Amino acid sequence: MAAQTLHLLSTPARSPSLPTISSAKPAIFPLPSLRCPRHRPLSLRASAATSYLPDLGLVPSHGGPASIDVDAITEAELRENGFRSTRRAKLVCTIGPATCSADQIEALAVGGMNVARVNMCYGTREWHRQVIRKIRRLNEEKGFAVAVMVDTEGSEIHMGDLDGAASVKAEDGEIWTFSVRAFDAPLPERTITVNYDGFAEDVSVGDELLVDGGMVRFEVIEKIGPDVKCRCNDPGLLLPRASLTFRRNGRLVQERNAMLPTISSKDWLDIDSAISEGVDFIAVSFVKSADVINHLKSYIAARCHDNEIAVIAKIESFDSLKNLEEIISASDGTMIARGDMGSQIPLEEVPSAQQKIVKLCRQLNKPVIVASQLLESMIEYPTPTRAEVADVSEAVKQRADALMLSGESAMGQYPDKALTVLRSVSLRIERWWREEKRREGIDLPDISSSFCDKVSENICSSAVTMANNLGVDALFLFTRNGEMASLLSRCRPDCPVFAFTPSASVRRRLNLQWGLIPFRLSFSYDMENNLSRTFSLLKARGLIQPGDLIIALSDTLQTIQVMNVP
């Protein structure tokens, strides 16, 4: 099949001698037995009579469905620009009033959206359900693989709705009333309801009130029963259900807010709805400890037997930072919500906190999303500030898995342009990284606990080292559960990773991780047959060319092969 092939296979233990790669015969690298209880013996081959094959996403080794699913936009990019020019960082877009129609969602998918975020802070549960179904329909009808993330509201103090308005401008010097009273619609002028009954008791005259992480700032000037009168000192847009925090003498006031549960009763109803809709990710707001993540995972496992919903921990509070490593370890991924974080720690500490979280997520093999205010000015203006572009480029240089748009895509005037900026800056910085032949100094410690996992981890690390040294065009991975794909992504190879999986849900979840191009493809235990079929299917669609150099791996057989596309 190939001009140069190298196999790493399980054989009886003996002294290794490394042969040279031969074009006539595959080179065998003998290793100690790598058989693991969770893997079938390597000599086993699938047959047409085995009833369990559909559950594993396998096809008989003599053939199978001659089809392969790849995201429509990724396919066009690969044809036009080739392997090396594909974008590695993934893009998350928040769906809101500005982007909730089917056409608007499709426009975001065409623009490069990998994950659609549905923020449960805004809109009704039925509205969210309809948005999720539009995304699923888009995937089915137009050939996309956009994943869906539901973001819970959490129990933090926040404003109420603004009588249906998408936003209200607070001007400098204006006096606003924040009240815990229930008003008959419409609200009195310049009045905002607050969801926390103890709000008026906890604040004091002279406190600084921060809206949405400090996007608008007020000073408390008077308390009258359940009403708190505040003067606007930093004007800006007030958004429905925006978070509220307050500082006294420059320090965050937590008090009763710290006693609120991380997952509220409303959140549990939202989570039930997300599970019933089969979303791919559930993001938990204001996580204080790993216990919350573990509790939610247990709940999902009980309600969703295939347990295919990943839990994302949002790092946005002082408590999150105190228990950072245990929270990241317990989660399936992390979101750095810098807006609320900036209201809980000094602003000058946010950049170092971001860098620390990105690095720790890489080390623990958890995807990380950099979120909040990346292109905030594009909510109102068609062009970002230069500082915002620099902020985006810094997140890309840190090799974060994904970048996220919030208000820019949810209720901004230029959602498509904001996504275009995010995409173009990511591509340019990644190209600069490759042109400068940059190398990271990050230490990736061993994270495997079992022998089987150690084998997979070492295979992936070796494959990436070989790929970088040999200048291969792509890594091909045949994976059932996506675990080895995650390990390859963790190593940040110079080339993209083509991750072939029979599972539609695994394919969508891999769309969050750096450098992975997920395909849906059934495969067998016969690696030669898998490669032959895959090459034929990809060449027929113009995605690869004869002579392309690839490294092929499989988490089912735990092999490495180096070859040219025939």
# chains A, B, ... in the order shown; residues from 1 in each chain; ligands from 1

$ residues_around --residues "His158 of chain A" --least-positions-apart "5" --cutoff "7 Å" --atoms "only C-alpha atoms" --output "list in words"
Val194, Asn195, Arg241, Ala242, Ser243 and Leu244 of chain A

$ closest_atom_pairs --of "segment 149-248 of chain A" --to "segment 305-328 of chain A" --cutoff "12 Å" --atoms "only C-alpha atoms" --output "CSV"
residue,atom,partner,partner_atom,distance
A:Met149,CA,A:Ile312,CA,9.0
A:Val150,CA,A:Ile312,CA,9.6
A:Asp151,CA,A:Ile312,CA,8.8
A:Thr152,CA,A:Lys314,CA,9.9
A:Glu153,CA,A:Lys314,CA,11.1
A:Gly154,CA,A:Lys314,CA,10.3
A:Glu156,CA,A:Ser317,CA,10.1
A:Asp212,CA,A:Glu316,CA,11.8
A:Gly213,CA,A:Glu316,CA,9.8
A:Ser243,CA,A:Glu316,CA,11.5
A:Thr245,CA,A:Ser317,CA,10.9

$ write_last_selection --atoms "N, CA, C and O atoms" --output "compact mmCIF listing (two decimals), in the first residue's frame"
# COMPACT_ATOMS: atom_id res chain seq x y z
N MET A 149 -23.43 23.56 23.23
CA MET A 149 -23.08 23.72 24.64
C MET A 149 -24.18 24.52 25.34
O MET A 149 -24.52 25.62 24.91
N VAL A 150 -24.73 23.96 26.40
CA VAL A 150 -25.69 24.69 27.24
C VAL A 150 -24.93 25.23 28.45
O VAL A 150 -24.23 24.49 29.13
N ASP A 151 -25.09 26.51 28.69
CA ASP A 151 -24.38 27.20 29.78
C ASP A 151 -25.40 27.57 30.86
O ASP A 151 -26.31 28.36 30.61
N THR A 152 -25.26 26.97 32.04
CA THR A 152 -26.24 27.22 33.10
C THR A 152 -26.10 28.63 33.66
O THR A 152 -25.04 29.25 33.58
N GLU A 153 -27.17 29.09 34.25
CA GLU A 153 -27.19 30.45 34.79
C GLU A 153 -26.39 30.57 36.07
O GLU A 153 -25.70 31.57 36.30
N GLY A 154 -26.47 29.58 36.94
CA GLY A 154 -25.78 29.66 38.22
C GLY A 154 -26.58 30.48 39.22
O GLY A 154 -27.61 31.07 38.90
N GLU A 156 -25.45 33.13 41.07
CA GLU A 156 -24.88 34.42 41.44
C GLU A 156 -25.97 35.50 41.45
O GLU A 156 -27.05 35.33 40.90
N ASP A 212 -22.03 43.06 35.16
CA ASP A 212 -21.42 42.24 34.09
C ASP A 212 -19.90 42.31 34.15
O ASP A 212 -19.22 42.54 33.15
N GLY A 213 -19.36 42.09 35.37
CA GLY A 213 -17.92 42.05 35.53
C GLY A 213 -17.23 43.39 35.42
O GLY A 213 -16.02 43.45 35.23
N SER A 243 -24.72 39.82 35.55
CA SER A 243 -24.28 39.54 36.91
C SER A 243 -23.99 40.84 37.66
O SER A 243 -23.64 41.86 37.07
N THR A 245 -21.85 42.29 41.14
CA THR A 245 -20.95 42.10 42.26
C THR A 245 -20.70 43.47 42.87
O THR A 245 -20.90 44.50 42.22

$ select_by_dssp --residues "segment 56-283 of chain A" --states "helix (DSSP H, G or I)" --output "PyMOL selection string"
chain A and resi 56+72-81+83-85+102-110+125-142+199-202+255-259+265-277

$ residues_around --residues "Phe476 of chain A" --least-positions-apart "2" --cutoff "7 Å" --atoms "only C-alpha atoms" --output "number ranges by chain"
A: 474, 478, 497-499, 550-553

$ write_last_selection --atoms "N, CA and C atoms" --output "PDB file, in the first residue's frame"
ATOM      1  N   ALA A 474      -0.199  15.163   7.806  1.00  0.00           N
ATOM      2  CA  ALA A 474      -1.322  14.998   8.726  1.00  0.00           C
ATOM      3  C   ALA A 474      -1.138  13.734   9.548  1.00  0.00           C
ATOM      4  N   PHE A 478      -7.748   6.559  14.010  1.00  0.00           N
ATOM      5  CA  PHE A 478      -9.014   5.833  14.050  1.00  0.00           C
ATOM      6  C   PHE A 478      -9.357   5.613  15.520  1.00  0.00           C
ATOM      7  N   VAL A 497      -4.728  16.932  12.860  1.00  0.00           N
ATOM      8  CA  VAL A 497      -5.062  15.547  13.191  1.00  0.00           C
ATOM      9  C   VAL A 497      -6.418  15.223  12.576  1.00  0.00           C
ATOM     10  N   PHE A 498      -6.436  14.240  11.670  1.00  0.00           N
ATOM     11  CA  PHE A 498      -7.696  13.741  11.117  1.00  0.00           C
ATOM     12  C   PHE A 498      -8.181  12.638  12.060  1.00  0.00           C
ATOM     13  N   ALA A 499      -9.257  12.903  12.792  1.00  0.00           N
ATOM     14  CA  ALA A 499      -9.782  11.941  13.763  1.00  0.00           C
ATOM     15  C   ALA A 499     -11.013  11.260  13.170  1.00  0.00           C
ATOM     16  N   ILE A 550       1.743  10.794   5.735  1.00  0.00           N
ATOM     17  CA  ILE A 550       0.882  10.766   6.919  1.00  0.00           C
ATOM     18  C   ILE A 550       1.410   9.747   7.926  1.00  0.00           C
ATOM     19  N   ILE A 551       1.022   9.970   9.182  1.00  0.00           N
ATOM     20  CA  ILE A 551       1.235   8.966  10.233  1.00  0.00           C
ATOM     21  C   ILE A 551      -0.137   8.504  10.673  1.00  0.00           C
ATOM     22  N   ALA A 552      -0.365   7.204  10.682  1.00  0.00           N
ATOM     23  CA  ALA A 552      -1.665   6.634  11.024  1.00  0.00           C
ATOM     24  C   ALA A 552      -1.587   5.917  12.367  1.00  0.00           C
ATOM     25  N   LEU A 553      -2.619   6.145  13.195  1.00  0.00           N
ATOM     26  CA  LEU A 553      -2.692   5.517  14.506  1.00  0.00           C
ATOM     27  C   LEU A 553      -4.092   4.949  14.705  1.00  0.00           C
TER      28      LEU A 553
END

$ residues_around --residues "Gly206 of chain A" --least-positions-apart "5" --cutoff "12 Å" --atoms "only C-alpha atoms" --output "number ranges by chain"
A: 218-223, 228-231, 246-250

$ write_last_selection --atoms "N, CA and C atoms" --output "mmCIF file, in the first residue's frame"
data_model
loop_
_atom_site.group_PDB
_atom_site.id
_atom_site.type_symbol
_atom_site.label_atom_id
_atom_site.label_comp_id
_atom_site.auth_asym_id
_atom_site.auth_seq_id
_atom_site.Cartn_x
_atom_site.Cartn_y
_atom_site.Cartn_z
ATOM 1 N N PHE A 218 -21.475 51.430 39.178
ATOM 2 C CA PHE A 218 -22.304 52.362 39.938
ATOM 3 C C PHE A 218 -21.717 52.530 41.341
ATOM 4 N N GLU A 219 -22.093 53.631 41.985
ATOM 5 C CA GLU A 219 -21.768 53.839 43.393
ATOM 6 C C GLU A 219 -23.072 53.900 44.187
ATOM 7 N N VAL A 220 -23.128 53.128 45.294
ATOM 8 C CA VAL A 220 -24.321 53.135 46.137
ATOM 9 C C VAL A 220 -24.366 54.461 46.902
ATOM 10 N N ILE A 221 -25.472 55.204 46.736
ATOM 11 C CA ILE A 221 -25.571 56.514 47.389
ATOM 12 C C ILE A 221 -26.668 56.567 48.450
ATOM 13 N N GLU A 222 -27.621 55.601 48.407
ATOM 14 C CA GLU A 222 -28.714 55.634 49.387
ATOM 15 C C GLU A 222 -29.418 54.280 49.421
ATOM 16 N N LYS A 223 -29.883 53.899 50.626
ATOM 17 C CA LYS A 223 -30.679 52.688 50.801
ATOM 18 C C LYS A 223 -32.028 53.077 51.401
ATOM 19 N N VAL A 228 -32.167 50.245 46.465
ATOM 20 C CA VAL A 228 -30.801 50.753 46.585
ATOM 21 C C VAL A 228 -30.582 51.768 45.462
ATOM 22 N N LYS A 229 -30.356 53.027 45.828
ATOM 23 C CA LYS A 229 -30.119 54.087 44.849
ATOM 24 C C LYS A 229 -28.627 54.130 44.504
ATOM 25 N N CYS A 230 -28.331 54.166 43.198
ATOM 26 C CA CYS A 230 -26.933 54.134 42.750
ATOM 27 C C CYS A 230 -26.706 55.188 41.661
ATOM 28 N N ARG A 231 -25.500 55.756 41.668
ATOM 29 C CA ARG A 231 -25.106 56.721 40.647
ATOM 30 C C ARG A 231 -24.163 56.036 39.665
ATOM 31 N N PHE A 246 -20.304 43.493 44.139
ATOM 32 C CA PHE A 246 -20.028 44.794 44.747
ATOM 33 C C PHE A 246 -18.779 44.730 45.601
ATOM 34 N N ARG A 247 -18.091 45.859 45.599
ATOM 35 C CA ARG A 247 -16.829 45.986 46.310
ATOM 36 C C ARG A 247 -16.955 47.047 47.402
ATOM 37 N N ARG A 248 -16.233 46.792 48.487
ATOM 38 C CA ARG A 248 -16.189 47.735 49.608
ATOM 39 C C ARG A 248 -14.730 47.985 49.942
ATOM 40 N N ASN A 249 -14.323 49.249 49.868
ATOM 41 C CA ASN A 249 -12.926 49.610 50.102
ATOM 42 C C ASN A 249 -11.983 48.827 49.183
ATOM 43 N N GLY A 250 -12.432 48.635 47.942
ATOM 44 C CA GLY A 250 -11.602 47.967 46.939
ATOM 45 C C GLY A 250 -11.590 46.453 47.016
#

$ residues_around --residues "segment 409-414 of chain A" --least-positions-apart "5" --cutoff "7 Å" --atoms "only C-alpha atoms" --output "list in words"
Cys93, Thr94, Ile95, Gly96, Pro97, Ala98, Thr99, Met378, Ile379, Glu380 and Pro382 of chain A

$ residues_around --residues "segment 359-367 of chain A" --least-positions-apart "3" --cutoff "10 Å" --atoms "only C-alpha atoms" --output "PyMOL selection string"
chain A and resi 312+324-325+328-335+353-356+398-402+442-448+483+486-492+510+512-514

$ closest_residue --among "A:Ser449, A:Asn530, A:Pro186, A:Ala467" --to "Thr479 of chain A" --atoms "only C-alpha atoms"
A:Asn530

$ atom_distance --atom1 "atom CA of Ala170 of chain A" --atom2 "atom CA of Met215 of chain A"
10.7 Å

$ residues_around --residues "Pro226 of chain A" --least-positions-apart "3" --cutoff "8 Å" --atoms "only C-alpha atoms" --output "PyMOL selection string"
chain A and resi 179-181+200+223

$ write_last_selection --atoms "all heavy atoms" --output "JSON list (two decimals), in the first residue's frame"
[["chain", "number", "residue", "atom", "x", "y", "z"],
["A", 179, "SER", "N", -33.64, 47.11, 42.97],
["A", 179, "SER", "CA", -34.65, 46.75, 43.96],
["A", 179, "SER", "C", -34.93, 45.25, 43.97],
["A", 179, "SER", "O", -34.86, 44.59, 42.91],
["A", 179, "SER", "CB", -35.96, 47.50, 43.69],
["A", 179, "SER", "OG", -36.95, 47.14, 44.63],
["A", 180, "VAL", "N", -35.23, 44.72, 45.15],
["A", 180, "VAL", "CA", -35.62, 43.31, 45.28],
["A", 180, "VAL", "C", -37.14, 43.17, 45.24],
["A", 180, "VAL", "O", -37.67, 42.06, 45.38],
["A", 180, "VAL", "CB", -35.06, 42.70, 46.58],
["A", 180, "VAL", "CG1", -33.55, 42.75, 46.58],
["A", 180, "VAL", "CG2", -35.63, 43.40, 47.81],
["A", 181, "ARG", "N", -37.86, 44.26, 45.06],
["A", 181, "ARG", "CA", -39.32, 44.20, 45.00],
["A", 181, "ARG", "C", -39.79, 43.60, 43.67],
["A", 181, "ARG", "O", -39.10, 43.68, 42.66],
["A", 181, "ARG", "CB", -39.92, 45.59, 45.16],
["A", 181, "ARG", "CG", -39.79, 46.16, 46.56],
["A", 181, "ARG", "CD", -40.61, 47.43, 46.70],
["A", 181, "ARG", "NE", -40.03, 48.54, 45.94],
["A", 181, "ARG", "CZ", -40.63, 49.71, 45.79],
["A", 181, "ARG", "NH1", -41.83, 49.91, 46.29],
["A", 181, "ARG", "NH2", -40.04, 50.69, 45.11],
["A", 200, "ALA", "N", -30.27, 44.34, 49.43],
["A", 200, "ALA", "CA", -30.32, 45.65, 50.09],
["A", 200, "ALA", "C", -29.68, 45.60, 51.48],
["A", 200, "ALA", "O", -29.15, 46.61, 51.96],
["A", 200, "ALA", "CB", -31.78, 46.12, 50.20],
["A", 223, "LYS", "N", -29.88, 53.90, 50.63],
["A", 223, "LYS", "CA", -30.68, 52.69, 50.80],
["A", 223, "LYS", "C", -32.03, 53.08, 51.40],
["A", 223, "LYS", "O", -32.09, 53.72, 52.44],
["A", 223, "LYS", "CB", -29.96, 51.70, 51.72],
["A", 223, "LYS", "CG", -28.69, 51.10, 51.13],
["A", 223, "LYS", "CD", -27.86, 50.34, 52.14],
["A", 223, "LYS", "CE", -28.65, 49.28, 52.87],
["A", 223, "LYS", "NZ", -27.79, 48.44, 53.75]]

$ atom_distance --atom1 "atom CA of Glu457 of chain A" --atom2 "atom CA of Ala485 of chain A"
10.4 Å

$ closest_residue --among "A:Lys417, A:Lys397, A:Arg129, A:Arg137" --to "Glu430 of chain A" --atoms "only C-alpha atoms"
A:Lys397

$ atom_distance --atom1 "atom CA of Ser522 of chain A" --atom2 "atom CA of Arg507 of chain A"
12.0 Å

$ closest_residue --among "A:Val216, A:Leu239, A:Val205, A:Leu252" --to "Met159 of chain A" --atoms "only C-alpha atoms"
A:Leu239

$ select_by_dssp --residues "segment 500-533 of chain A" --states "strand (DSSP E or B)" --output "MDAnalysis selection string"
chainID A and resid 500:501 516:520 523

$ write_last_selection --atoms "N, CA and C atoms" --output "mmCIF file, in the first residue's frame"
data_model
loop_
_atom_site.group_PDB
_atom_site.id
_atom_site.type_symbol
_atom_site.label_atom_id
_atom_site.label_comp_id
_atom_site.auth_asym_id
_atom_site.auth_seq_id
_atom_site.Cartn_x
_atom_site.Cartn_y
_atom_site.Cartn_z
ATOM 1 N N PHE A 500 -10.890 9.976 12.855
ATOM 2 C CA PHE A 500 -11.985 9.205 12.259
ATOM 3 C C PHE A 500 -12.690 8.424 13.369
ATOM 4 N N THR A 501 -13.978 8.631 13.509
ATOM 5 C CA THR A 501 -14.737 7.953 14.558
ATOM 6 C C THR A 501 -16.097 7.529 14.015
ATOM 7 N N LEU A 516 -7.867 19.282 15.890
ATOM 8 C CA LEU A 516 -8.554 18.065 15.461
ATOM 9 C C LEU A 516 -9.547 18.378 14.348
ATOM 10 N N ILE A 517 -9.526 17.561 13.297
ATOM 11 C CA ILE A 517 -10.529 17.630 12.237
ATOM 12 C C ILE A 517 -11.296 16.319 12.300
ATOM 13 N N PRO A 518 -12.479 16.317 12.912
ATOM 14 C CA PRO A 518 -13.194 15.054 13.114
ATOM 15 C C PRO A 518 -14.010 14.625 11.894
ATOM 16 N N PHE A 519 -13.898 13.351 11.547
ATOM 17 C CA PHE A 519 -14.665 12.739 10.478
ATOM 18 C C PHE A 519 -15.522 11.634 11.087
ATOM 19 N N ARG A 520 -16.659 11.389 10.494
ATOM 20 C CA ARG A 520 -17.439 10.216 10.898
ATOM 21 C C ARG A 520 -17.219 9.112 9.873
ATOM 22 N N PHE A 523 -15.171 1.766 10.843
ATOM 23 C CA PHE A 523 -13.921 1.077 10.526
ATOM 24 C C PHE A 523 -13.864 -0.269 11.233
#
